[in-house]
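**Student:** Structure file input-v1.txt (compact mmCIF, C-alpha atoms (C1' of nucleotides)) right here:
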# COMPACT_ATOMS: atom_id res chain seq x y z
CA MET J 1265 20.36 -43.10 11.49
CA LYS J 1266 17.62 -45.35 10.17
CA GLN J 1267 17.65 -47.65 7.19
CA LEU J 1268 15.01 -47.02 4.55
CA SER J 1269 12.38 -49.73 4.37
CA LYS J 1270 11.76 -51.79 1.28
CA GLU J 1271 8.35 -50.12 1.01
CA PHE J 1272 10.06 -46.76 0.54
CA PHE J 1273 10.94 -48.01 -2.94
CA ASN J 1274 7.50 -49.38 -3.72
CA ARG J 1275 6.31 -46.00 -4.98
CA ASP J 1276 6.47 -43.95 -8.14
CA THR J 1277 10.00 -43.97 -9.54
CA VAL J 1278 10.24 -40.19 -9.85
CA VAL J 1279 8.99 -39.60 -6.30
CA VAL J 1280 11.51 -42.08 -4.89
CA ALA J 1281 14.32 -40.58 -6.99
CA LYS J 1282 13.58 -37.13 -5.62
CA GLU J 1283 13.58 -38.38 -2.04
CA LEU J 1284 16.80 -40.32 -2.50
CA ILE J 1285 18.75 -37.11 -2.99
CA GLY J 1286 20.56 -36.34 0.27
CA LYS J 1287 20.08 -39.86 1.64
CA ILE J 1288 23.14 -41.95 2.45
CA LEU J 1289 24.32 -44.87 0.35
CA GLN J 1290 26.29 -47.48 2.26
CA VAL J 1291 28.34 -50.02 0.35
CA ASP J 1292 30.37 -52.28 2.61
CA ASN J 1293 32.01 -49.84 5.07
CA ILE J 1294 31.72 -46.78 2.88
CA ARG J 1295 28.96 -44.28 3.56
CA ALA J 1296 28.35 -41.25 1.35
CA ARG J 1297 25.50 -38.89 0.58
CA ILE J 1298 23.67 -39.31 -2.72
CA LEU J 1299 24.16 -36.21 -4.88
CA GLU J 1300 22.68 -37.11 -8.24
CA VAL J 1301 20.22 -39.69 -9.54
CA GLU J 1302 18.28 -40.40 -12.69
CA ALA J 1303 14.77 -41.88 -12.73
CA TYR J 1304 13.82 -44.33 -15.47
CA LYS J 1305 10.30 -45.48 -16.17
CA GLU J 1306 8.76 -47.03 -19.27
CA ASP J 1307 11.18 -45.11 -21.40
CA LEU J 1308 12.46 -45.82 -24.89
CA ALA J 1309 15.97 -45.19 -23.61
CA SER J 1310 15.48 -47.47 -20.64
CA HIS J 1311 16.04 -51.18 -20.24
CA ALA J 1312 12.56 -51.12 -18.68
CA ARG J 1313 10.90 -50.71 -22.07
CA THR J 1314 10.96 -54.47 -22.66
CA LYS J 1315 11.04 -57.35 -20.25
CA THR J 1316 14.16 -59.41 -20.90
CA PRO J 1317 16.23 -61.68 -18.65
CA ARG J 1318 18.41 -58.69 -17.85
CA SER J 1319 15.67 -56.16 -17.17
CA LYS J 1320 13.27 -58.61 -15.51
CA ILE J 1321 14.31 -57.40 -12.08
CA MET J 1322 12.90 -53.95 -12.82
CA PHE J 1323 9.50 -55.50 -13.52
CA ASP J 1324 9.41 -57.89 -10.60
CA THR J 1325 11.07 -56.16 -7.66
CA HIS J 1326 11.49 -52.96 -5.71
CA GLY J 1327 14.34 -52.14 -3.34
CA HIS J 1328 16.75 -54.38 -5.23
CA ILE J 1329 20.09 -53.65 -6.87
CA TYR J 1330 20.20 -53.64 -10.67
CA VAL J 1331 23.70 -53.50 -12.17
CA TYR J 1332 24.41 -53.59 -15.87
CA PHE J 1333 27.56 -53.40 -17.94
CA ILE J 1334 27.89 -50.77 -20.63
CA TYR J 1335 30.29 -49.62 -23.32
CA GLY J 1336 32.44 -52.63 -22.62
CA MET J 1337 34.04 -50.77 -19.74
CA TYR J 1338 31.64 -49.51 -17.14
CA HIS J 1339 28.98 -50.69 -14.76
CA CYS J 1340 25.99 -48.65 -13.63
CA LEU J 1341 24.30 -48.98 -10.24
CA ASN J 1342 20.51 -48.80 -10.10
CA ILE J 1343 17.87 -49.41 -7.46
CA THR J 1344 14.57 -50.87 -8.58
CA THR J 1345 11.33 -49.16 -7.66
CA ASP J 1346 7.64 -49.97 -8.08
CA SER J 1347 6.83 -52.76 -10.48
CA LYS J 1348 5.49 -50.65 -13.35
CA PRO J 1349 8.56 -51.07 -14.11
CA GLY J 1350 11.17 -48.58 -13.01
CA ALA J 1351 14.63 -48.03 -11.60
CA ILE J 1352 16.83 -45.22 -10.37
CA LEU J 1353 20.38 -44.79 -11.57
CA ILE J 1354 22.76 -43.57 -8.86
CA ARG J 1355 24.96 -41.13 -10.76
CA ALA J 1356 27.08 -39.51 -8.07
CA ILE J 1357 27.73 -39.65 -4.34
CA ASP J 1358 29.76 -37.54 -1.95
CA TYR J 1359 32.85 -39.75 -2.03
CA PRO J 1360 36.17 -39.37 -3.90
CA GLY J 1361 36.11 -40.99 -7.33
CA CYS J 1362 32.32 -41.29 -7.37
CA SER J 1363 31.40 -38.29 -9.55
CA GLY J 1364 29.80 -40.36 -12.32
CA PRO J 1365 27.92 -43.65 -12.66
CA GLY J 1366 30.82 -45.52 -14.24
CA LYS J 1367 33.42 -44.16 -11.84
CA LEU J 1368 31.20 -44.81 -8.85
CA CYS J 1369 30.94 -48.52 -9.65
CA LYS J 1370 34.65 -48.76 -10.33
CA THR J 1371 35.56 -47.03 -7.05
CA LEU J 1372 33.17 -49.12 -4.96
CA ASN J 1373 33.96 -52.33 -6.84
CA ILE J 1374 30.37 -52.82 -7.98
CA THR J 1375 29.92 -55.34 -10.80
CA ARG J 1376 27.24 -57.56 -12.26
CA LYS J 1377 27.86 -60.01 -9.42
CA ASP J 1378 25.91 -57.52 -7.28
CA ASN J 1379 22.94 -57.56 -9.65
CA GLY J 1380 19.74 -58.69 -7.96
CA LEU J 1381 20.88 -58.14 -4.38
CA GLU J 1382 18.29 -56.87 -1.97
CA LEU J 1383 18.93 -53.67 -0.04
CA GLY J 1384 20.02 -54.40 3.50
CA GLY J 1385 22.99 -56.59 2.70
CA ARG J 1386 26.07 -55.17 1.04
CA PHE J 1387 24.00 -52.17 -0.03
CA LYS J 1388 22.00 -49.99 2.32
CA ILE J 1389 20.23 -46.66 2.01
CA LEU J 1390 20.22 -44.67 5.25
CA ASP J 1391 18.35 -41.58 6.37
CA ASP J 1392 20.02 -39.21 8.85
CA GLY J 1393 17.23 -36.65 8.68
CA PHE J 1394 19.03 -34.33 6.29
CA ILE J 1395 16.66 -32.67 3.84
CA ALA J 1396 18.35 -31.64 0.62
CA LYS J 1397 17.37 -28.87 -1.72
CA ILE J 1398 16.88 -30.43 -5.11
CA LYS J 1399 17.46 -29.29 -8.66
CA LYS J 1400 15.62 -31.07 -11.40
CA SER J 1401 16.40 -31.50 -15.07
CA GLU J 1402 13.20 -31.76 -17.04
CA ARG J 1403 12.75 -34.92 -19.05
CA ILE J 1404 16.21 -35.55 -20.38
CA GLY J 1405 16.42 -37.25 -23.74
CA ILE J 1406 15.65 -36.36 -27.29
CA LYS J 1407 14.89 -39.57 -29.11
CA GLU J 1408 11.42 -39.27 -30.61
CA ASP J 1409 10.35 -37.04 -27.75
CA LYS J 1410 9.13 -40.09 -25.89
CA HIS J 1411 11.53 -40.13 -23.04
CA LEU J 1412 10.28 -40.19 -19.51
CA LEU J 1413 13.41 -39.80 -17.50
CA TRP J 1414 14.34 -37.17 -14.99
CA ARG J 1415 17.66 -36.27 -13.45
CA PHE J 1416 17.79 -34.84 -9.96
CA TYR J 1417 20.77 -33.05 -8.42
CA ILE J 1418 21.45 -31.84 -4.93
CA GLU J 1419 21.44 -28.05 -4.97
CA ASP J 1420 23.12 -27.18 -1.70
CA TYR J 1421 26.60 -28.65 -2.01
CA SER J 1422 27.92 -26.33 0.70
CA VAL J 1423 25.46 -27.80 3.18
CA VAL J 1424 26.53 -31.28 2.17
CA ASN J 1425 30.11 -30.38 2.98
CA GLN J 1426 29.06 -29.20 6.43
CA LYS J 1427 27.14 -32.40 6.96
CA ARG J 1428 29.75 -34.68 5.49
CA ILE J 1429 29.34 -38.10 7.04
CA ILE J 1430 32.65 -39.66 6.02
C1' DT D 699 25.20 -67.15 -35.27
C1' DA D 700 26.24 -62.55 -36.49
C1' DC D 701 25.53 -57.93 -36.00
C1' DT D 702 24.50 -53.50 -33.69
C1' DG D 703 24.73 -49.96 -30.50
C1' DG D 704 24.79 -48.32 -25.77
C1' DA D 705 21.80 -44.84 -18.86
C1' DT D 706 30.30 -43.52 -19.87
C1' DT D 707 34.73 -41.63 -19.42
C1' DC D 708 38.87 -39.52 -20.79
C1' DA D 709 42.35 -37.75 -23.86
C1' DC D 710 43.04 -34.87 -27.38
C1' DT D 711 42.16 -30.87 -30.49
C1' DG C 86 33.61 -30.54 -29.30
C1' DT C 87 34.95 -35.12 -30.93
C1' DG C 88 36.23 -39.77 -31.01
C1' DA C 89 38.10 -44.08 -29.13
C1' DA C 90 38.06 -47.80 -25.82
C1' DT C 91 35.44 -52.14 -25.20
C1' DC C 92 32.04 -56.20 -24.54
C1' DC C 93 27.64 -57.84 -23.87
C1' DA C 94 22.44 -57.90 -24.30
C1' DG C 95 19.11 -57.81 -27.59
C1' DT C 96 17.53 -58.68 -32.09
C1' DA C 97 17.08 -60.65 -36.54
C1' DA C 98 17.80 -64.41 -39.40
Give the structure from this file in structure tokens form.

**Tutor:**
Amino acid sequence: MKQLSKEFFNRDTVVVAKELIGKILQVDNIRARILEVEAYKEDLASHARTKTPRSKIMFDTHGHIYVYFIYGMYHCLNITTDSKPGAILIRAIDYPGCSGPGKLCKTLNITRKDNGLELGGRFKILDDGFIAKIKKSERIGIKEDKHLLWRFYIEDYSVVNQKRII
DNA sequence: TACTGGATTCACT
DNA sequence: GTGAATCCAGTAA
């Protein structure tokens, strides 16, 4: 099982998002397959639309962790991609209590203290050679028809169960 | 300094 | 389907 290189993330956000489906997210000792992601580029709905102290990491890095706090209750885990800017929200993984972005962070104890970490430390993305079938939602978002975000799901859940790695 | 609204979740109807 | 919980980043002044 090999760890994805930093350069894997130095590509178009949507391409990376698609390829992340079926890969394995490791946080501390927990490993689970990535089931659902969302790709954010220069989107009106995205923090990447303006460069601020918070969103700076999306402009300056790739292969880094971007965590933000939302609705006063939840954190969301992202991985930065090419410096255009962009990031990929990890929405769900194949692990109990990780069926949504807020729940995932709560279950894995991910908070803003993890913001800015480079992949390879607490967080790793691994490739075990599994190739997932992918379902794509076209350009989610309705505000002013200017959204450029895509959501990708794994299609073959039954295969994931057979290839469960935890 | 004050205000506004959000990349969510869950309980309730 | 709807609304509440909750707090912080961003923005305007």

**Student:** Give me, as a list in words, the residues of chain C touching chain J, with the criterion being at most 8 Å (counting all atoms listed in the file).

**Tutor:**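 Going by the stated atoms only, the list reads DA90, DT91, DC92, DC93 and DA94 of chain C.
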
**Student:** Please identify all polymer residues within 12 Å of C:DA89, counting all atoms listed in the file, omitting same-chain residues fewer than 2 positions from it, and present them as a list of chain:residue names.

**Tutor:**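 In the requested form, the answer reads J:Tyr1335, D:DT707, D:DC708, D:DA709, D:DC710, C:DT87, C:DT91.
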
**Student:** Return the neighbours of chain J among the residues of chain D, cut-off 8 Å, counting all atoms listed in the file, as a VMD selection string.

**Tutor:** chain D and resid 704 to 707

**Student:** Return the padded bounding box of stretch 701-710 of chain D as AutoDock Vina command-line options: axis-aligned, built from all atoms listed in the file, 8 Å added on each side, with centre and edge lengths in Å to one decimal.

**Tutor:**
--center_x 32.4 --center_y -46.4 --center_z -27.4 --size_x 37.2 --size_y 39.1 --size_z 33.1

**Student:** Atom CA of J:Phe1323 and atom CA of J:Ala1396, how far apart in Å?

**Tutor:**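 It comes out at 29.1 Å.
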
**Student:** Atom CA of J:Val1278 and atom CA of J:Lys1305 are how many Å apart?

**Tutor:** 8.2 Å

**Student:** Which polymer residues, protein or nucleic acid, are no farther than 9 Å from (25.8, -57.8, -32.2), counting all atoms listed in the file, as an MDAnalysis selection string?

**Tutor:** (chainID D and resid 700:703) or (chainID C and resid 93:96)

**Student:** Distance atom CA of J:Lys1388-atom CA of J:Gln1267, one decimal place?

**Tutor:**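 Atom CA of J:Gln1267 lies at a distance of 6.9 Å from atom CA of J:Lys1388.
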
**Student:** Please provide the set of residues having any atom within 10 Å of J:His1328, restricted to only C-alpha atoms (C1' of nucleotides), with same-chain residues fewer than 6 positions apart removed, written as an MDAnalysis selection string.

**Tutor:** chainID J and resid 1270 1273 1321:1322 1342:1345 1351 1378:1384 1387
